[in-house]
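Asker: Sharing work.pdb (PDB, C-alpha atoms) below.
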```
ATOM      1  CA  MET F   1     104.476 114.115  23.940  1.00  0.00           C
ATOM      2  CA  ALA F   2     103.549 110.441  23.672  1.00  0.00           C
ATOM      3  CA  GLY F   3     101.991 109.530  20.363  1.00  0.00           C
ATOM      4  CA  GLU F   4     103.290 112.629  18.568  1.00  0.00           C
ATOM      5  CA  PRO F   5     106.066 112.384  15.950  1.00  0.00           C
ATOM      6  CA  GLN F   6     109.495 113.377  17.242  1.00  0.00           C
ATOM      7  CA  ALA F   7     111.752 115.338  14.905  1.00  0.00           C
ATOM      8  CA  ASP F   8     114.894 113.561  16.139  1.00  0.00           C
ATOM      9  CA  CYS F   9     113.474 110.001  15.983  1.00  0.00           C
ATOM     10  CA  LEU F  10     114.777 107.726  13.209  1.00  0.00           C
ATOM     11  CA  PHE F  11     111.631 105.573  13.247  1.00  0.00           C
ATOM     12  CA  CYS F  12     109.331 108.616  13.101  1.00  0.00           C
ATOM     13  CA  LYS F  13     111.303 109.655  10.009  1.00  0.00           C
ATOM     14  CA  ILE F  14     110.749 106.189   8.491  1.00  0.00           C
ATOM     15  CA  VAL F  15     107.004 106.453   9.209  1.00  0.00           C
ATOM     16  CA  ALA F  16     106.954 109.889   7.531  1.00  0.00           C
ATOM     17  CA  GLY F  17     108.825 108.546   4.492  1.00  0.00           C
ATOM     18  CA  ASP F  18     111.810 110.832   5.102  1.00  0.00           C
ATOM     19  CA  VAL F  19     114.209 107.900   5.643  1.00  0.00           C
ATOM     20  CA  PRO F  20     114.026 104.862   3.351  1.00  0.00           C
ATOM     21  CA  ALA F  21     113.323 101.389   4.689  1.00  0.00           C
ATOM     22  CA  THR F  22     112.511  98.025   3.146  1.00  0.00           C
ATOM     23  CA  VAL F  23     108.874  97.837   4.203  1.00  0.00           C
ATOM     24  CA  VAL F  24     107.352  94.347   4.302  1.00  0.00           C
ATOM     25  CA  ARG F  25     103.929  95.243   5.807  1.00  0.00           C
ATOM     26  CA  GLU F  26     102.009  98.370   6.608  1.00  0.00           C
ATOM     27  CA  THR F  27      98.626  99.068   8.154  1.00  0.00           C
ATOM     28  CA  ASP F  28      96.930 102.237   9.328  1.00  0.00           C
ATOM     29  CA  THR F  29      98.699 101.912  12.686  1.00  0.00           C
ATOM     30  CA  VAL F  30     102.009 100.058  12.176  1.00  0.00           C
ATOM     31  CA  VAL F  31     104.920  99.659   9.764  1.00  0.00           C
ATOM     32  CA  ALA F  32     107.111  96.555   9.485  1.00  0.00           C
ATOM     33  CA  PHE F  33     110.503  96.764   7.808  1.00  0.00           C
ATOM     34  CA  ARG F  34     113.737  94.804   7.548  1.00  0.00           C
ATOM     35  CA  ASP F  35     116.426  95.522  10.136  1.00  0.00           C
ATOM     36  CA  ILE F  36     119.519  97.091   8.559  1.00  0.00           C
ATOM     37  CA  ASN F  37     121.758  94.977  10.814  1.00  0.00           C
ATOM     38  CA  PRO F  38     119.994  91.587  10.798  1.00  0.00           C
ATOM     39  CA  GLN F  39     120.770  89.126  13.581  1.00  0.00           C
ATOM     40  CA  ALA F  40     118.930  86.236  11.890  1.00  0.00           C
ATOM     41  CA  PRO F  41     117.832  85.330   8.350  1.00  0.00           C
ATOM     42  CA  THR F  42     114.474  86.869   9.245  1.00  0.00           C
ATOM     43  CA  HIS F  43     114.875  90.096  11.206  1.00  0.00           C
ATOM     44  CA  VAL F  44     111.992  92.504  10.799  1.00  0.00           C
ATOM     45  CA  LEU F  45     111.044  95.428  13.026  1.00  0.00           C
ATOM     46  CA  VAL F  46     107.380  96.189  13.694  1.00  0.00           C
ATOM     47  CA  ILE F  47     106.777  99.735  14.930  1.00  0.00           C
ATOM     48  CA  PRO F  48     103.697 101.737  15.800  1.00  0.00           C
ATOM     49  CA  LYS F  49     103.268 104.780  13.587  1.00  0.00           C
ATOM     50  CA  ALA F  50     102.636 106.834  16.726  1.00  0.00           C
ATOM     51  CA  HIS F  51     105.712 107.612  18.813  1.00  0.00           C
ATOM     52  CA  TYR F  52     106.084 105.932  22.185  1.00  0.00           C
ATOM     53  CA  PRO F  53     109.620 105.699  23.566  1.00  0.00           C
ATOM     54  CA  ASP F  54     109.446 102.039  24.611  1.00  0.00           C
ATOM     55  CA  ALA F  55     107.193  99.001  24.953  1.00  0.00           C
ATOM     56  CA  ALA F  56     106.109  99.862  28.506  1.00  0.00           C
ATOM     57  CA  SER F  57     104.953 103.360  27.583  1.00  0.00           C
ATOM     58  CA  LEU F  58     103.193 101.983  24.491  1.00  0.00           C
ATOM     59  CA  ALA F  59     101.326  99.377  26.540  1.00  0.00           C
ATOM     60  CA  ALA F  60     100.339 101.919  29.196  1.00  0.00           C
ATOM     61  CA  GLY F  61      99.406 104.725  26.818  1.00  0.00           C
ATOM     62  CA  ALA F  62      97.875 102.865  23.896  1.00  0.00           C
ATOM     63  CA  PRO F  63      97.085  99.215  24.699  1.00  0.00           C
ATOM     64  CA  ALA F  64      95.108  98.721  21.473  1.00  0.00           C
ATOM     65  CA  LEU F  65      98.105  99.954  19.482  1.00  0.00           C
ATOM     66  CA  ALA F  66     100.390  97.595  21.420  1.00  0.00           C
ATOM     67  CA  ALA F  67      98.031  94.789  20.403  1.00  0.00           C
ATOM     68  CA  ASP F  68      98.293  95.930  16.768  1.00  0.00           C
ATOM     69  CA  VAL F  69     102.091  95.650  16.966  1.00  0.00           C
ATOM     70  CA  LEU F  70     101.851  92.105  18.331  1.00  0.00           C
ATOM     71  CA  ARG F  71      99.206  91.069  15.813  1.00  0.00           C
ATOM     72  CA  GLU F  72     101.317  92.354  12.926  1.00  0.00           C
ATOM     73  CA  ALA F  73     104.376  90.601  14.372  1.00  0.00           C
ATOM     74  CA  GLY F  74     102.490  87.328  13.929  1.00  0.00           C
ATOM     75  CA  GLU F  75     101.496  88.300  10.397  1.00  0.00           C
ATOM     76  CA  VAL F  76     105.110  89.115   9.552  1.00  0.00           C
ATOM     77  CA  ALA F  77     106.267  85.761  10.948  1.00  0.00           C
ATOM     78  CA  ALA F  78     103.659  83.968   8.825  1.00  0.00           C
ATOM     79  CA  ALA F  79     104.592  85.904   5.677  1.00  0.00           C
ATOM     80  CA  GLU F  80     108.286  85.193   6.300  1.00  0.00           C
ATOM     81  CA  GLY F  81     107.612  81.456   6.688  1.00  0.00           C
ATOM     82  CA  THR F  82     108.966  81.202  10.229  1.00  0.00           C
ATOM     83  CA  VAL F  83     105.853  80.014  12.072  1.00  0.00           C
ATOM     84  CA  ASP F  84     106.438  76.255  11.811  1.00  0.00           C
ATOM     85  CA  ALA F  85     110.128  76.422  12.780  1.00  0.00           C
ATOM     86  CA  GLY F  86     109.496  79.064  15.447  1.00  0.00           C
ATOM     87  CA  TYR F  87     110.343  82.716  15.839  1.00  0.00           C
ATOM     88  CA  ARG F  88     111.054  85.203  18.572  1.00  0.00           C
ATOM     89  CA  ILE F  89     109.435  88.566  19.311  1.00  0.00           C
ATOM     90  CA  VAL F  90     111.763  90.847  21.273  1.00  0.00           C
ATOM     91  CA  PHE F  91     111.093  94.256  22.821  1.00  0.00           C
ATOM     92  CA  ASN F  92     114.280  95.861  24.175  1.00  0.00           C
ATOM     93  CA  THR F  93     113.320  98.485  26.747  1.00  0.00           C
ATOM     94  CA  GLY F  94     116.054 100.861  27.865  1.00  0.00           C
ATOM     95  CA  SER F  95     119.661 101.252  26.827  1.00  0.00           C
ATOM     96  CA  GLY F  96     120.795  98.600  29.341  1.00  0.00           C
ATOM     97  CA  ALA F  97     118.647  96.077  27.451  1.00  0.00           C
ATOM     98  CA  GLY F  98     120.062  97.072  24.077  1.00  0.00           C
ATOM     99  CA  GLN F  99     117.450  99.600  22.923  1.00  0.00           C
ATOM    100  CA  THR F 100     119.195 102.050  20.599  1.00  0.00           C
ATOM    101  CA  VAL F 101     116.187 103.737  18.950  1.00  0.00           C
ATOM    102  CA  PHE F 102     113.792 105.100  21.543  1.00  0.00           C
ATOM    103  CA  HIS F 103     110.603 104.465  19.591  1.00  0.00           C
ATOM    104  CA  ALA F 104     108.776 101.298  20.654  1.00  0.00           C
ATOM    105  CA  HIS F 105     109.491  98.414  18.313  1.00  0.00           C
ATOM    106  CA  ALA F 106     109.314  94.640  18.189  1.00  0.00           C
ATOM    107  CA  HIS F 107     112.085  92.589  16.613  1.00  0.00           C
ATOM    108  CA  ILE F 108     110.822  89.503  14.757  1.00  0.00           C
ATOM    109  CA  LEU F 109     113.672  86.990  14.557  1.00  0.00           C
ATOM    110  CA  GLY F 110     113.594  83.619  12.844  1.00  0.00           C
ATOM    111  CA  GLY F 111     115.140  81.373  10.280  1.00  0.00           C
ATOM    112  CA  ARG F 112     117.880  79.980  12.550  1.00  0.00           C
ATOM    113  CA  GLY F 113     118.183  78.394  15.959  1.00  0.00           C
ATOM    114  CA  LEU F 114     117.578  80.914  18.715  1.00  0.00           C
ATOM    115  CA  GLU F 115     119.386  79.911  21.876  1.00  0.00           C
ATOM    116  CA  TRP F 116     118.075  80.405  25.394  1.00  0.00           C
ATOM    117  CA  PRO F 117     118.902  82.351  27.358  1.00  0.00           C
ATOM    118  CA  PRO F 118     119.552  85.071  24.789  1.00  0.00           C
ATOM    119  CA  GLY F 119     122.945  86.725  24.902  1.00  0.00           C
TER     120      GLY F 119
END
```
As structure tokens, what does this structure read like?

Answerer:
Amino acid sequence: MAGEPQADCLFCKIVAGDVPATVVRETDTVVAFRDINPQAPTHVLVIPKAHYPDAASLAAGAPALAADVLREAGEVAAAEGTVDAGYRIVFNTGSGAGQTVFHAHAHILGGRGLEWPPG
């Protein structure tokens, strides 16, 4: 069920503290942690603590929580020092778009040139 922790979800396990992560920010509603396979000098994931399988279901089911994710993405970018040079917020939705963990999450990427269109 949307919003409920899923026993087989890696990110739900990180939220619960069952799987370690390098947490850089945490609020009552979101956790931000470093990606284990960084694609840029700054690569942080911001996830809602509640389980939603992708960005679309998060936005439809909990728009205030989606806003929390975006707000914290900006806070992460500021804390990482990427605001002036620019940064990217990416939501991959579906396996065809590269989503590998089906728990909504935003990638914060910065610290290097980010080409357009993305590959």

Asker: Starting from the PyMOL selection byres ((chain F and resi 21) around 10), expand the selection into actual residues of this file and give them as a list in words.

Answerer: Phe11, Ile14, Val15, Gly17, Asp18, Val19, Pro20, Thr22, Val23, Val24, Val31, Ala32, Phe33, Arg34, Asp35 and Ile36 of chain F

Asker: For each of F:Pro5, F:Gly110, F:Gly61, F:Pro38, take the minimum atom-to-atom distance to Ala73 of chain F, counting all atoms listed in the file, then give the residue where this is smallest.

Answerer: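 Checking each candidate against Ala73 of chain F, we get F:Gly110 as the closest.
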
Asker: Give, as lines of an AutoDock Vina configuration file, the centre coordinates and the x, y and z edge lengths in Å to one decimal for an axis-aligned box around all listed atoms of segment 73-78 of chain F, padded by 4 Å on each side.

Answerer:
```
center_x = 103.9
center_y = 87.3
center_z = 11.6
size_x = 12.8
size_y = 14.6
size_z = 13.5
```

Asker: Which residues, written as a list of chain:residue names, have at least one atom at most 12 Å from Gly3 of chain F, with only C-alpha atoms counted and residues fewer than 3 positions away on the same chain left out?

Answerer: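 Non-adjacent residues within range: F:Gln6, F:Cys12, F:Thr29, F:Pro48, F:Lys49, F:Ala50, F:His51, F:Tyr52, F:Pro53, F:Asp54, F:Ser57, F:Leu58, F:Ala59, F:Ala60, F:Gly61, F:Ala62, F:Leu65, F:His103, F:Ala104.
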
Asker: Restricting the calculation to all atoms listed in the file, which member of F:Ala40, F:Leu109, F:Asp84, F:Ala67 is positioned closest to Ala55 of chain F?

Answerer: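 Closest to Ala55 of chain F of all the choices is F:Ala67.
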
Asker: Work out how far apart atom CA of Cys9 of chain F and atom CA of Ala106 of chain F are and give it in Å to one decimal.

Answerer: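 Atom CA of Ala106 of chain F lies 16.1 Å from atom CA of Cys9 of chain F.
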
Asker: Carefully work through the PyMOL selection byres ((chain F and resi 80) around 10) for this structure and note down the residues it includes, as a VMD selection string.

Answerer: chain F and resid 24 41 to 44 74 to 79 81 to 83 108 110 to 111
